[in-house]
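Enquirer: Got a structure here, written out as structure tokens. Questions coming.
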Amino acid sequence: MLKQLSTILLLFLLANQIVNGQGTNVKPNIIFIIADDVSDDDLGCYGNKQVRTPNIDRIAKEGMRFTNAYLTTSSCSPSRTSIITGRYPHNTGSAELHTPLPATQVPFPLLLKNAGYYTVQAGKSHFGAPALRAFDPADEGPEGGPGAEERWLKCLQERPKDKPIFAWFAAIDAHRPWQPDKLGKPHDPKKIKLPPYLVDNDSTRKDMASYYNEISRFDYFIGEVEKELKNQGILDNTIIMIMADNGRPFPRCKTRLYDSGIRTPFIIKWKKEITGGSVCNSMLSVVDIAPTLLELGGLQAVKEFQGKSFSKLLKNPNQEFRKYVYAEHNWHDYEAHERMIRSKDFLYIFNSRPNLVNHGPADANNSASFRELLKRKDSGDLTAAQQDIFLLPRPTEELYHSPTDPMQLLNIAAAPSSKQIVETLRKELKYWRTETKDDTPENLTGDWFNRNTGASLEPGNKVRGDMPGIHSGGTNLINTTPLGF
């Protein structure tokens, strides 16, 4: 009888371990946390000494920090649909801002859901109603608070305890307009150091300080999520992934294809598998996230994915992974068509609309930071870096040597010494565009806002044109070999 009781007790303990994510062969829980409009160098663990992000900084020390993770676009909804499908924007059917992901596309959390994961979304989704079928509950309600993070804990507390969880937690922080609250101590504008492409004065520093306040709020709720995971006893076998959808909402950042717009903070903590304090300098693209998380969840990648799993980097971050990453700039408030290829050392941009200035998105054009630049432009008092957003015509080709020019301020595309690298990257970019069926429609969506003020134009001007990838068959593309490796 005693032996039988011991056996029953052992089975109970094993079952409890499985339910709580502690068994040896248990699928990991996955908490995917995405910020809105945050550049990688606006977190403490990426070298920013002004912003307060203690929770993210600690998680980076306890996990792995990636220094070369790149988005496929610096535009909110197209970036999110690209991440959730593992496809480039022009291959999703939602390459432009505010266009929902078509039901024909496969969001990877749906595959996790079908495999037994409890999938939940809370906060800003911005990928449209058809994609929400991937989640058991999807919660975008007003009770999320000013940064849309206040529902995250309830989602964890209400989860069924007999299933692994995949959570897509998406903040509105740090998107304009700023929404202050009483959390934490506000950042002091007087202590803010600005990048050289912004005007260094009181109004711009105040604008940046308000941005940092929202990043700190995002950080606070990440800390609360981790506490809840620990309280539930599932932290050790939970993958926490932290990133952003595009760069900071300031001129020369959001919607731009420089690192300030396209390189994302990317941190993964998984105590069970990742050595704390690891740093990975290997290049990866966000199209690699979907196949990676499916593999870690015990599933195989599907034919629709255009990236590949980087799971090997979690054990050995010193391995090489990608040779190139690719990104695109399509309509985001204004007509645009740019393509980018990035190697470890060089960034190359092709612009098919050099006749258009590239101020940035409408919300940034409504900001104090932009108004200060515009004021200095009118008085002829801008540095070369600050003048960039007003440049007209823009160069058709841009090339930057990132090791010596990390902010990509000096275009060396026309330099004789750059001829070979320009030819190589131009050829590689053309090959990627051909293989992914990218195109340049003549009738692109035009401006919906005033480029100088960010003011909305009349409704009659707000007409969708032809979106890249639709007529070329790019949205139907499957069974392709991942490019850039």
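Labels used: A, B, ... for chains in the order of the structure tokens, numbers from 1 for residues in each chain, and numbers from 1 for ligands as shown.
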Per residue of range 303-406 of chain A within 10 Å of range 201-205 of chain A, note the shortest atom pair and the distance in Å to one decimal, counting only C-alpha atoms, and order the rows by chain and increasing residue number, as JSON lines.

Expert:
{"residue": "A:Ser367", "atom": "CA", "partner": "A:Thr204", "partner_atom": "CA", "distance": 8.8}
{"residue": "A:Ala368", "atom": "CA", "partner": "A:Thr204", "partner_atom": "CA", "distance": 6.1}
{"residue": "A:Ser369", "atom": "CA", "partner": "A:Thr204", "partner_atom": "CA", "distance": 4.7}
{"residue": "A:Phe370", "atom": "CA", "partner": "A:Thr204", "partner_atom": "CA", "distance": 8.5}
{"residue": "A:Arg371", "atom": "CA", "partner": "A:Thr204", "partner_atom": "CA", "distance": 9.2}
{"residue": "A:Glu372", "atom": "CA", "partner": "A:Thr204", "partner_atom": "CA", "distance": 7.4}
{"residue": "A:Leu373", "atom": "CA", "partner": "A:Thr204", "partner_atom": "CA", "distance": 9.6}

Enquirer: Quick check for you: according to DSSP on this backbone, which residues of range 303-397 of chain A are classed as strand (DSSP E)? Reply as a ChimeraX atom specification.

Expert: /A:325-329,338-342,346-351,397

Enquirer: Suppose we keep N, CA, C and O atoms; can you now write the selection as an mmCIF file, in the first residue's frame?

Expert:
data_model
loop_
_atom_site.group_PDB
_atom_site.id
_atom_site.type_symbol
_atom_site.label_atom_id
_atom_site.label_comp_id
_atom_site.auth_asym_id
_atom_site.auth_seq_id
_atom_site.Cartn_x
_atom_site.Cartn_y
_atom_site.Cartn_z
ATOM 1 N N VAL A 325 20.500 41.323 -44.394
ATOM 2 C CA VAL A 325 19.095 41.509 -44.042
ATOM 3 C C VAL A 325 18.511 42.525 -45.021
ATOM 4 O O VAL A 325 19.246 43.320 -45.629
ATOM 5 N N TYR A 326 17.182 42.494 -45.163
ATOM 6 C CA TYR A 326 16.510 43.341 -46.145
ATOM 7 C C TYR A 326 15.346 44.076 -45.485
ATOM 8 O O TYR A 326 14.718 43.560 -44.563
ATOM 9 N N ALA A 327 15.061 45.268 -45.997
ATOM 10 C CA ALA A 327 13.937 46.039 -45.466
ATOM 11 C C ALA A 327 13.345 46.907 -46.566
ATOM 12 O O ALA A 327 13.961 47.107 -47.620
ATOM 13 N N GLU A 328 12.145 47.433 -46.300
ATOM 14 C CA GLU A 328 11.460 48.238 -47.299
ATOM 15 C C GLU A 328 10.685 49.377 -46.641
ATOM 16 O O GLU A 328 10.276 49.273 -45.489
ATOM 17 N N HIS A 329 10.494 50.453 -47.376
ATOM 18 C CA HIS A 329 9.718 51.603 -46.927
ATOM 19 C C HIS A 329 8.635 51.847 -47.961
ATOM 20 O O HIS A 329 8.913 52.282 -49.085
ATOM 21 N N GLU A 338 11.168 52.700 -51.039
ATOM 22 C CA GLU A 338 12.609 52.498 -50.858
ATOM 23 C C GLU A 338 12.867 51.034 -50.497
ATOM 24 O O GLU A 338 12.028 50.373 -49.881
ATOM 25 N N ARG A 339 14.052 50.563 -50.863
ATOM 26 C CA ARG A 339 14.466 49.196 -50.515
ATOM 27 C C ARG A 339 15.878 49.248 -49.940
ATOM 28 O O ARG A 339 16.708 50.046 -50.363
ATOM 29 N N MET A 340 16.148 48.365 -48.967
ATOM 30 C CA MET A 340 17.420 48.388 -48.257
ATOM 31 C C MET A 340 18.008 46.992 -48.152
ATOM 32 O O MET A 340 17.270 46.010 -47.987
ATOM 33 N N ILE A 341 19.321 46.909 -48.248
ATOM 34 C CA ILE A 341 20.058 45.694 -47.912
ATOM 35 C C ILE A 341 21.164 46.087 -46.948
ATOM 36 O O ILE A 341 21.800 47.130 -47.103
ATOM 37 N N ARG A 342 21.369 45.265 -45.940
ATOM 38 C CA ARG A 342 22.341 45.581 -44.879
ATOM 39 C C ARG A 342 23.243 44.386 -44.672
ATOM 40 O O ARG A 342 22.777 43.250 -44.478
ATOM 41 N N PHE A 346 28.031 47.396 -44.136
ATOM 42 C CA PHE A 346 27.496 48.395 -45.060
ATOM 43 C C PHE A 346 25.976 48.383 -45.108
ATOM 44 O O PHE A 346 25.337 47.333 -44.997
ATOM 45 N N LEU A 347 25.404 49.569 -45.312
ATOM 46 C CA LEU A 347 23.973 49.730 -45.509
ATOM 47 C C LEU A 347 23.755 50.426 -46.847
ATOM 48 O O LEU A 347 24.309 51.496 -47.090
ATOM 49 N N TYR A 348 22.952 49.788 -47.714
ATOM 50 C CA TYR A 348 22.686 50.323 -49.052
ATOM 51 C C TYR A 348 21.184 50.523 -49.214
ATOM 52 O O TYR A 348 20.385 49.637 -48.867
ATOM 53 N N ILE A 349 20.781 51.682 -49.719
ATOM 54 C CA ILE A 349 19.374 52.021 -49.920
ATOM 55 C C ILE A 349 19.163 52.419 -51.373
ATOM 56 O O ILE A 349 19.933 53.215 -51.930
ATOM 57 N N PHE A 350 18.107 51.863 -51.980
ATOM 58 C CA PHE A 350 17.667 52.296 -53.308
ATOM 59 C C PHE A 350 16.323 52.997 -53.161
ATOM 60 O O PHE A 350 15.393 52.459 -52.546
ATOM 61 N N ASN A 351 16.209 54.189 -53.717
ATOM 62 C CA ASN A 351 15.000 54.999 -53.596
ATOM 63 C C ASN A 351 14.417 55.241 -54.991
ATOM 64 O O ASN A 351 15.031 55.909 -55.820
ATOM 65 N N GLU A 397 20.573 56.370 -54.735
ATOM 66 C CA GLU A 397 21.323 55.345 -54.010
ATOM 67 C C GLU A 397 22.037 55.976 -52.820
ATOM 68 O O GLU A 397 22.580 57.080 -52.926
#

Enquirer: Pick out the residues sitting within 9 Å of range 439-443 of chain A, and hand them over as a ChimeraX atom specification; count only C-alpha atoms, and ignore anything fewer than 2 positions along from it in its own chain.

Expert: /A:90,337,352,433-434,437,445-446,465-472,474

Enquirer: Next, write the just-selected residues to a file, as a short mmCIF file (atom, residue, chain, number, x, y, z; two decimals), in the first residue's frame, keeping N, CA, C and O atoms as the atom set.

Expert:
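See result-v5.cif below for the written result:
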data_model
loop_
_atom_site.label_atom_id
_atom_site.label_comp_id
_atom_site.auth_asym_id
_atom_site.auth_seq_id
_atom_site.Cartn_x
_atom_site.Cartn_y
_atom_site.Cartn_z
N HIS A 90 5.95 43.15 -48.51
CA HIS A 90 5.30 43.05 -49.82
C HIS A 90 4.83 41.63 -50.13
O HIS A 90 4.17 41.41 -51.15
N HIS A 337 8.75 54.67 -51.67
CA HIS A 337 9.14 53.36 -52.20
C HIS A 337 10.67 53.28 -52.14
O HIS A 337 11.37 53.75 -53.02
N SER A 352 13.22 54.69 -55.25
CA SER A 352 12.59 54.89 -56.55
C SER A 352 11.75 56.16 -56.61
O SER A 352 11.14 56.46 -57.64
N ARG A 433 14.76 41.17 -54.57
CA ARG A 433 13.49 41.70 -55.07
C ARG A 433 12.89 40.76 -56.13
O ARG A 433 11.67 40.53 -56.16
N THR A 434 13.73 40.22 -56.99
CA THR A 434 13.25 39.31 -58.03
C THR A 434 12.71 38.02 -57.41
O THR A 434 11.61 37.57 -57.75
N LYS A 437 9.46 38.55 -55.60
CA LYS A 437 8.43 39.16 -56.46
C LYS A 437 8.01 40.54 -55.96
O LYS A 437 6.83 40.87 -55.90
N THR A 445 0.14 54.59 -53.50
CA THR A 445 -0.69 55.44 -52.65
C THR A 445 0.01 56.78 -52.41
O THR A 445 1.20 56.82 -52.08
N GLY A 446 -0.73 57.88 -52.60
CA GLY A 446 -0.15 59.21 -52.45
C GLY A 446 -0.20 59.72 -51.02
O GLY A 446 -0.55 58.99 -50.09
N GLY A 465 -3.62 53.47 -53.50
CA GLY A 465 -3.12 53.13 -54.82
C GLY A 465 -2.83 51.64 -54.89
O GLY A 465 -3.47 50.83 -54.21
N ASP A 466 -1.87 51.26 -55.72
CA ASP A 466 -1.48 49.86 -55.85
C ASP A 466 -0.38 49.55 -54.84
O ASP A 466 0.64 50.23 -54.80
N MET A 467 -0.59 48.51 -54.06
CA MET A 467 0.36 48.15 -53.02
C MET A 467 1.41 47.19 -53.58
O MET A 467 1.09 46.27 -54.33
N PRO A 468 2.68 47.39 -53.25
CA PRO A 468 3.73 46.48 -53.73
C PRO A 468 3.43 45.02 -53.37
O PRO A 468 2.97 44.72 -52.28
N GLY A 469 3.70 44.15 -54.32
CA GLY A 469 3.53 42.71 -54.09
C GLY A 469 2.20 42.13 -54.51
O GLY A 469 2.07 40.92 -54.64
N ILE A 470 1.19 42.98 -54.71
CA ILE A 470 -0.14 42.48 -55.03
C ILE A 470 -0.22 41.98 -56.47
O ILE A 470 -0.54 40.81 -56.73
N HIS A 471 0.07 42.85 -57.43
CA HIS A 471 -0.06 42.48 -58.84
C HIS A 471 1.07 41.59 -59.33
O HIS A 471 0.92 40.89 -60.34
N SER A 472 2.19 41.59 -58.63
CA SER A 472 3.33 40.78 -59.05
C SER A 472 3.24 39.34 -58.57
O SER A 472 4.06 38.50 -58.95
N GLY A 474 3.51 38.49 -55.38
CA GLY A 474 4.34 38.32 -54.19
C GLY A 474 3.60 37.79 -52.99
O GLY A 474 4.18 37.09 -52.16
#

Enquirer: Please provide as a list in words all residues within 8 Å of Thr480 in chain A, with the sequence filter that same-chain residues fewer than 3 positions apart are discarded (counting only C-alpha atoms).

Expert: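 So, after excluding close chain neighbours, the residues are Lys303, Glu304, Gln306 and Leu477 of chain A.
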
Enquirer: Selection from above, all heavy atoms, as a PDB file, in the first residue's frame, can you write it?

Expert:
ATOM      1  N   LYS A 303       5.932  26.256 -45.194  1.00  0.00           N
ATOM      2  CA  LYS A 303       6.438  26.698 -46.487  1.00  0.00           C
ATOM      3  C   LYS A 303       6.262  28.199 -46.715  1.00  0.00           C
ATOM      4  O   LYS A 303       6.929  28.780 -47.573  1.00  0.00           O
ATOM      5  CB  LYS A 303       5.732  25.921 -47.596  1.00  0.00           C
ATOM      6  CG  LYS A 303       4.219  26.069 -47.586  1.00  0.00           C
ATOM      7  CD  LYS A 303       3.547  25.132 -48.581  1.00  0.00           C
ATOM      8  CE  LYS A 303       2.031  25.262 -48.527  1.00  0.00           C
ATOM      9  NZ  LYS A 303       1.369  24.319 -49.457  1.00  0.00           N
ATOM     10  N   GLU A 304       5.368  28.828 -45.959  1.00  0.00           N
ATOM     11  CA  GLU A 304       5.141  30.262 -46.136  1.00  0.00           C
ATOM     12  C   GLU A 304       6.248  31.130 -45.559  1.00  0.00           C
ATOM     13  O   GLU A 304       6.389  32.292 -45.937  1.00  0.00           O
ATOM     14  CB  GLU A 304       3.804  30.666 -45.488  1.00  0.00           C
ATOM     15  CG  GLU A 304       2.567  30.206 -46.233  1.00  0.00           C
ATOM     16  CD  GLU A 304       2.156  28.780 -45.893  1.00  0.00           C
ATOM     17  OE1 GLU A 304       2.842  28.150 -45.036  1.00  0.00           O
ATOM     18  OE2 GLU A 304       1.166  28.298 -46.453  1.00  0.00           O
ATOM     19  N   GLN A 306       9.726  32.984 -44.785  1.00  0.00           N
ATOM     20  CA  GLN A 306      10.825  33.426 -45.640  1.00  0.00           C
ATOM     21  C   GLN A 306      12.146  33.577 -44.883  1.00  0.00           C
ATOM     22  O   GLN A 306      13.143  33.981 -45.466  1.00  0.00           O
ATOM     23  CB  GLN A 306      10.441  34.739 -46.327  1.00  0.00           C
ATOM     24  CG  GLN A 306       9.308  34.567 -47.328  1.00  0.00           C
ATOM     25  CD  GLN A 306       8.863  35.865 -47.957  1.00  0.00           C
ATOM     26  OE1 GLN A 306       8.332  36.742 -47.274  1.00  0.00           O
ATOM     27  NE2 GLN A 306       9.063  36.007 -49.247  1.00  0.00           N
ATOM     28  N   LEU A 477       3.500  33.908 -52.814  1.00  0.00           N
ATOM     29  CA  LEU A 477       4.799  33.230 -52.869  1.00  0.00           C
ATOM     30  C   LEU A 477       4.973  32.261 -51.703  1.00  0.00           C
ATOM     31  O   LEU A 477       4.802  32.603 -50.543  1.00  0.00           O
ATOM     32  CB  LEU A 477       5.905  34.281 -52.815  1.00  0.00           C
ATOM     33  CG  LEU A 477       7.315  33.850 -53.211  1.00  0.00           C
ATOM     34  CD1 LEU A 477       7.372  33.468 -54.682  1.00  0.00           C
ATOM     35  CD2 LEU A 477       8.293  34.979 -52.937  1.00  0.00           C
TER      36      LEU A 477
END

Enquirer: Residues of range 43-136 of chain A that approach range 262-272 of chain A to 12 Å or less, counting only C-alpha atoms: could you list each one with the shortest pair of atoms and its distance in Å to one decimal, rows by chain and increasing residue number, as a tab-separated table?

Expert:
residue	atom	partner	partner_atom	distance
A:Leu43	CA	A:Pro265	CA	7.9
A:Gly44	CA	A:Pro265	CA	10.7
A:Cys45	CA	A:Pro265	CA	9.4
A:Tyr46	CA	A:Pro265	CA	7.9
A:Gly47	CA	A:Pro265	CA	11.4
A:Asn55	CA	A:Ile267	CA	11.8
A:Ile56	CA	A:Ile267	CA	8.3
A:Asp57	CA	A:Ile267	CA	9.5
A:Arg58	CA	A:Lys269	CA	10.1
A:Ile59	CA	A:Lys269	CA	6.4
A:Ala60	CA	A:Ile267	CA	6.0
A:Lys61	CA	A:Lys269	CA	8.8
A:Glu62	CA	A:Lys269	CA	6.5
A:Gly63	CA	A:Lys269	CA	4.0
A:Met64	CA	A:Ile268	CA	5.3
A:Arg65	CA	A:Ile267	CA	4.6
A:Phe66	CA	A:Phe266	CA	5.4
A:Thr67	CA	A:Pro265	CA	7.4
A:Asn68	CA	A:Arg263	CA	6.9
A:Ala69	CA	A:Thr264	CA	5.8
A:Tyr70	CA	A:Arg263	CA	4.5
A:Leu71	CA	A:Ile262	CA	5.2
A:Thr72	CA	A:Ile262	CA	7.2
A:Thr73	CA	A:Ile262	CA	6.4
A:Ser74	CA	A:Ile262	CA	5.4
A:Ser75	CA	A:Ile262	CA	9.1
A:Cys76	CA	A:Ile262	CA	11.4
A:Ser79	CA	A:Ile262	CA	9.9

Enquirer: Can you tell me which residues surround Trp432 in chain A at a distance of at most 8 Å, considering only C-alpha atoms, apart from same-chain residues fewer than 4 positions away, and format the answer as a PDB file with all heavy atoms, in the first residue's frame?

Expert:
ATOM      1  N   GLU A 428      22.766  42.188 -55.169  1.00  0.00           N
ATOM      2  CA  GLU A 428      22.126  41.337 -54.168  1.00  0.00           C
ATOM      3  C   GLU A 428      20.704  41.806 -53.863  1.00  0.00           C
ATOM      4  O   GLU A 428      19.797  40.994 -53.675  1.00  0.00           O
ATOM      5  CB  GLU A 428      22.960  41.317 -52.883  1.00  0.00           C
ATOM      6  CG  GLU A 428      24.297  40.617 -52.999  1.00  0.00           C
ATOM      7  CD  GLU A 428      24.171  39.110 -53.151  1.00  0.00           C
ATOM      8  OE1 GLU A 428      23.098  38.562 -52.827  1.00  0.00           O
ATOM      9  OE2 GLU A 428      25.152  38.482 -53.598  1.00  0.00           O
ATOM     10  N   THR A 436      11.619  37.466 -54.410  1.00  0.00           N
ATOM     11  CA  THR A 436      10.439  37.650 -53.553  1.00  0.00           C
ATOM     12  C   THR A 436       9.288  38.339 -54.295  1.00  0.00           C
ATOM     13  O   THR A 436       8.271  38.663 -53.687  1.00  0.00           O
ATOM     14  CB  THR A 436      10.798  38.482 -52.304  1.00  0.00           C
ATOM     15  OG1 THR A 436      11.249  39.781 -52.698  1.00  0.00           O
ATOM     16  CG2 THR A 436      11.872  37.791 -51.476  1.00  0.00           C
ATOM     17  N   LEU A 483      16.551  33.793 -48.075  1.00  0.00           N
ATOM     18  CA  LEU A 483      17.617  34.572 -48.689  1.00  0.00           C
ATOM     19  C   LEU A 483      18.418  35.329 -47.633  1.00  0.00           C
ATOM     20  O   LEU A 483      17.915  35.651 -46.571  1.00  0.00           O
ATOM     21  CB  LEU A 483      17.016  35.566 -49.690  1.00  0.00           C
ATOM     22  CG  LEU A 483      16.183  34.944 -50.822  1.00  0.00           C
ATOM     23  CD1 LEU A 483      15.541  36.038 -51.665  1.00  0.00           C
ATOM     24  CD2 LEU A 483      17.048  34.052 -51.694  1.00  0.00           C
TER      25      LEU A 483
END

Enquirer: If we count only C-alpha atoms, what is near Glu273 in chain A at a cut-off of 10 Å, once residues fewer than 5 positions away on the same chain are taken out, given as number ranges by chain?

Expert: A: 63, 236-239, 314-315

Enquirer: Okay, now the selection with N, CA and C atoms, as a PDB file, in the first residue's frame?

Expert:
ATOM      1  N   GLY A  63      19.762  37.052 -19.622  1.00  0.00           N
ATOM      2  CA  GLY A  63      19.476  36.331 -20.853  1.00  0.00           C
ATOM      3  C   GLY A  63      20.487  36.665 -21.932  1.00  0.00           C
ATOM      4  N   ASP A 236      11.256  29.701 -15.096  1.00  0.00           N
ATOM      5  CA  ASP A 236      12.467  29.055 -15.605  1.00  0.00           C
ATOM      6  C   ASP A 236      12.277  28.459 -16.987  1.00  0.00           C
ATOM      7  N   ASN A 237      11.078  27.971 -17.285  1.00  0.00           N
ATOM      8  CA  ASN A 237      10.830  27.382 -18.599  1.00  0.00           C
ATOM      9  C   ASN A 237       9.957  28.294 -19.452  1.00  0.00           C
ATOM     10  N   THR A 238      10.133  29.588 -19.284  1.00  0.00           N
ATOM     11  CA  THR A 238       9.418  30.560 -20.094  1.00  0.00           C
ATOM     12  C   THR A 238      10.412  31.382 -20.910  1.00  0.00           C
ATOM     13  N   ILE A 239      10.159  31.472 -22.204  1.00  0.00           N
ATOM     14  CA  ILE A 239      10.949  32.319 -23.092  1.00  0.00           C
ATOM     15  C   ILE A 239      10.342  33.718 -23.062  1.00  0.00           C
ATOM     16  N   LEU A 314      21.098  30.559 -29.625  1.00  0.00           N
ATOM     17  CA  LEU A 314      20.796  30.605 -28.202  1.00  0.00           C
ATOM     18  C   LEU A 314      21.803  29.788 -27.395  1.00  0.00           C
ATOM     19  N   LYS A 315      22.386  28.780 -28.024  1.00  0.00           N
ATOM     20  CA  LYS A 315      23.431  27.958 -27.379  1.00  0.00           C
ATOM     21  C   LYS A 315      24.826  28.487 -27.661  1.00  0.00           C
TER      22      LYS A 315
END

Enquirer: Which residue is closest to Ala129 in chain A? Choose from A:Arg159, A:Arg151, A:Arg464, A:His98 and count only C-alpha atoms.

Expert: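 Distance minimum relative to Ala129 in chain A lands on A:His98.
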
Enquirer: Identify which of the residues A:Ile33, A:Val51, A:Cys155, A:Val225 lies closest to Asp188 in chain A, counting only C-alpha atoms when measuring atom-to-atom distances.

Expert: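 Of the candidates, the smallest distance to Asp188 in chain A is held by A:Val51.
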
Enquirer: Tell me, in Å to one decimal, how far CA of Thr85 in chain A is from CA of Leu132 in chain A.

Expert: 12.5 Å

Enquirer: Do a neighbour search on Cys253 in chain A at 10 Å with only C-alpha atoms, toss out local chain neighbours closer than 4 positions, and write the hits as an MDAnalysis selection string.

Expert: chainID A and resid 37:39 74 197 246:249 257:262 359:361 364

Enquirer: Can those selected residues be exported to a file as a compact mmCIF listing (two decimals), in the first residue's frame so that it contains all heavy atoms?

Expert:
# COMPACT_ATOMS: atom_id res chain seq x y z
N ASP A 37 7.37 51.92 -31.48
CA ASP A 37 8.23 53.07 -31.81
C ASP A 37 9.38 53.26 -30.83
O ASP A 37 9.53 54.33 -30.21
CB ASP A 37 7.41 54.37 -31.85
CG ASP A 37 6.33 54.38 -32.92
OD1 ASP A 37 6.14 53.34 -33.57
OD2 ASP A 37 5.68 55.42 -33.09
N VAL A 38 10.24 52.28 -30.68
CA VAL A 38 11.40 52.39 -29.78
C VAL A 38 12.65 51.91 -30.51
O VAL A 38 12.70 50.77 -30.99
CB VAL A 38 11.19 51.58 -28.48
CG1 VAL A 38 12.46 51.59 -27.63
CG2 VAL A 38 10.01 52.12 -27.69
N SER A 39 13.66 52.75 -30.58
CA SER A 39 14.94 52.37 -31.19
C SER A 39 15.79 51.59 -30.20
O SER A 39 15.63 51.73 -28.98
CB SER A 39 15.69 53.62 -31.67
OG SER A 39 15.00 54.29 -32.70
N SER A 74 10.21 50.05 -41.14
CA SER A 74 10.11 50.91 -39.95
C SER A 74 8.75 51.58 -39.95
O SER A 74 8.64 52.80 -39.94
CB SER A 74 11.23 51.94 -39.94
OG SER A 74 11.20 52.69 -38.73
N TYR A 197 21.18 64.86 -35.49
CA TYR A 197 20.22 65.24 -36.53
C TYR A 197 18.99 65.95 -35.96
O TYR A 197 18.07 66.30 -36.69
CB TYR A 197 19.81 64.03 -37.37
CG TYR A 197 19.49 62.77 -36.59
CD1 TYR A 197 18.26 62.60 -35.96
CD2 TYR A 197 20.44 61.75 -36.50
CE1 TYR A 197 17.98 61.45 -35.25
CE2 TYR A 197 20.16 60.60 -35.79
CZ TYR A 197 18.93 60.44 -35.17
OH TYR A 197 18.66 59.29 -34.47
N ASN A 246 9.33 49.39 -34.66
CA ASN A 246 10.10 50.32 -35.52
C ASN A 246 10.78 51.36 -34.63
O ASN A 246 10.61 51.35 -33.41
CB ASN A 246 9.21 51.01 -36.56
CG ASN A 246 7.98 51.69 -36.00
OD1 ASN A 246 6.85 51.22 -36.20
ND2 ASN A 246 8.15 52.79 -35.28
N GLY A 247 11.54 52.24 -35.26
CA GLY A 247 12.34 53.19 -34.51
C GLY A 247 11.54 54.31 -33.87
O GLY A 247 10.34 54.45 -34.08
N ARG A 248 12.24 55.12 -33.07
CA ARG A 248 11.61 56.19 -32.30
C ARG A 248 10.85 57.16 -33.20
O ARG A 248 11.27 57.42 -34.33
CB ARG A 248 12.67 56.93 -31.47
CG ARG A 248 13.66 57.73 -32.26
CD ARG A 248 14.68 58.44 -31.38
NE ARG A 248 15.66 57.51 -30.85
CZ ARG A 248 16.80 57.19 -31.46
NH1 ARG A 248 17.11 57.72 -32.64
NH2 ARG A 248 17.65 56.35 -30.91
N PRO A 249 9.74 57.74 -32.71
CA PRO A 249 8.91 58.62 -33.54
C PRO A 249 9.45 60.04 -33.63
O PRO A 249 8.80 61.00 -33.21
CB PRO A 249 7.55 58.56 -32.84
CG PRO A 249 7.90 58.36 -31.39
CD PRO A 249 9.13 57.49 -31.39
N LEU A 257 15.10 53.94 -43.23
CA LEU A 257 15.78 52.65 -43.35
C LEU A 257 17.18 52.66 -42.77
O LEU A 257 17.95 51.73 -42.98
CB LEU A 257 15.80 52.20 -44.82
CG LEU A 257 14.42 51.95 -45.43
CD1 LEU A 257 14.53 51.56 -46.89
CD2 LEU A 257 13.67 50.88 -44.65
N TYR A 258 17.51 53.72 -42.02
CA TYR A 258 18.76 53.73 -41.27
C TYR A 258 18.58 52.89 -40.00
O TYR A 258 17.46 52.51 -39.63
CB TYR A 258 19.14 55.16 -40.90
CG TYR A 258 19.18 56.12 -42.07
CD1 TYR A 258 18.59 57.38 -41.98
CD2 TYR A 258 19.80 55.77 -43.27
CE1 TYR A 258 18.62 58.27 -43.05
CE2 TYR A 258 19.84 56.65 -44.34
CZ TYR A 258 19.24 57.90 -44.23
OH TYR A 258 19.26 58.76 -45.29
N ASP A 259 19.68 52.64 -39.29
CA ASP A 259 19.59 51.83 -38.07
C ASP A 259 18.66 52.48 -37.04
O ASP A 259 18.03 51.78 -36.24
CB ASP A 259 20.98 51.64 -37.46
CG ASP A 259 21.82 50.63 -38.22
OD1 ASP A 259 21.32 50.06 -39.21
OD2 ASP A 259 22.99 50.41 -37.84
N SER A 260 18.55 53.80 -37.05
CA SER A 260 17.68 54.49 -36.10
C SER A 260 16.21 54.12 -36.30
O SER A 260 15.39 54.29 -35.41
CB SER A 260 17.85 56.00 -36.22
OG SER A 260 17.62 56.42 -37.56
N GLY A 261 15.88 53.61 -37.48
CA GLY A 261 14.51 53.21 -37.75
C GLY A 261 14.32 51.72 -37.86
O GLY A 261 13.26 51.19 -37.54
N ILE A 262 15.37 51.01 -38.32
CA ILE A 262 15.19 49.62 -38.73
C ILE A 262 15.86 48.60 -37.81
O ILE A 262 15.56 47.42 -37.86
CB ILE A 262 15.72 49.46 -40.18
CG1 ILE A 262 14.87 48.44 -40.94
CG2 ILE A 262 17.19 49.10 -40.21
CD1 ILE A 262 13.53 48.97 -41.34
N HIS A 359 10.57 63.45 -44.75
CA HIS A 359 10.49 64.05 -43.41
C HIS A 359 10.30 63.01 -42.31
O HIS A 359 10.80 63.16 -41.21
CB HIS A 359 9.31 65.02 -43.35
CG HIS A 359 9.51 66.25 -44.14
ND1 HIS A 359 8.49 67.14 -44.41
CD2 HIS A 359 10.61 66.78 -44.73
CE1 HIS A 359 8.94 68.14 -45.14
NE2 HIS A 359 10.23 67.95 -45.34
N GLY A 360 9.54 61.97 -42.59
CA GLY A 360 9.16 61.02 -41.57
C GLY A 360 7.65 60.92 -41.49
O GLY A 360 6.93 61.48 -42.33
N PRO A 361 7.09 60.25 -40.49
CA PRO A 361 5.64 60.07 -40.39
C PRO A 361 4.92 61.34 -39.93
O PRO A 361 5.53 62.26 -39.40
CB PRO A 361 5.51 58.96 -39.34
CG PRO A 361 6.70 59.16 -38.47
CD PRO A 361 7.81 59.58 -39.39
N ALA A 364 5.36 62.48 -36.23
CA ALA A 364 6.63 63.16 -35.96
C ALA A 364 6.64 64.56 -36.56
O ALA A 364 7.22 65.49 -36.00
CB ALA A 364 7.79 62.34 -36.51

Enquirer: Give the answer as one residue: which of A:Val199, A:Val279, A:Leu97, A:Val287 has the shortest atom-to-atom distance to Ser82 in chain A, using only C-alpha atoms?

Expert: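 Using only C-alpha atoms, Ser82 in chain A sits closest to A:Val287.
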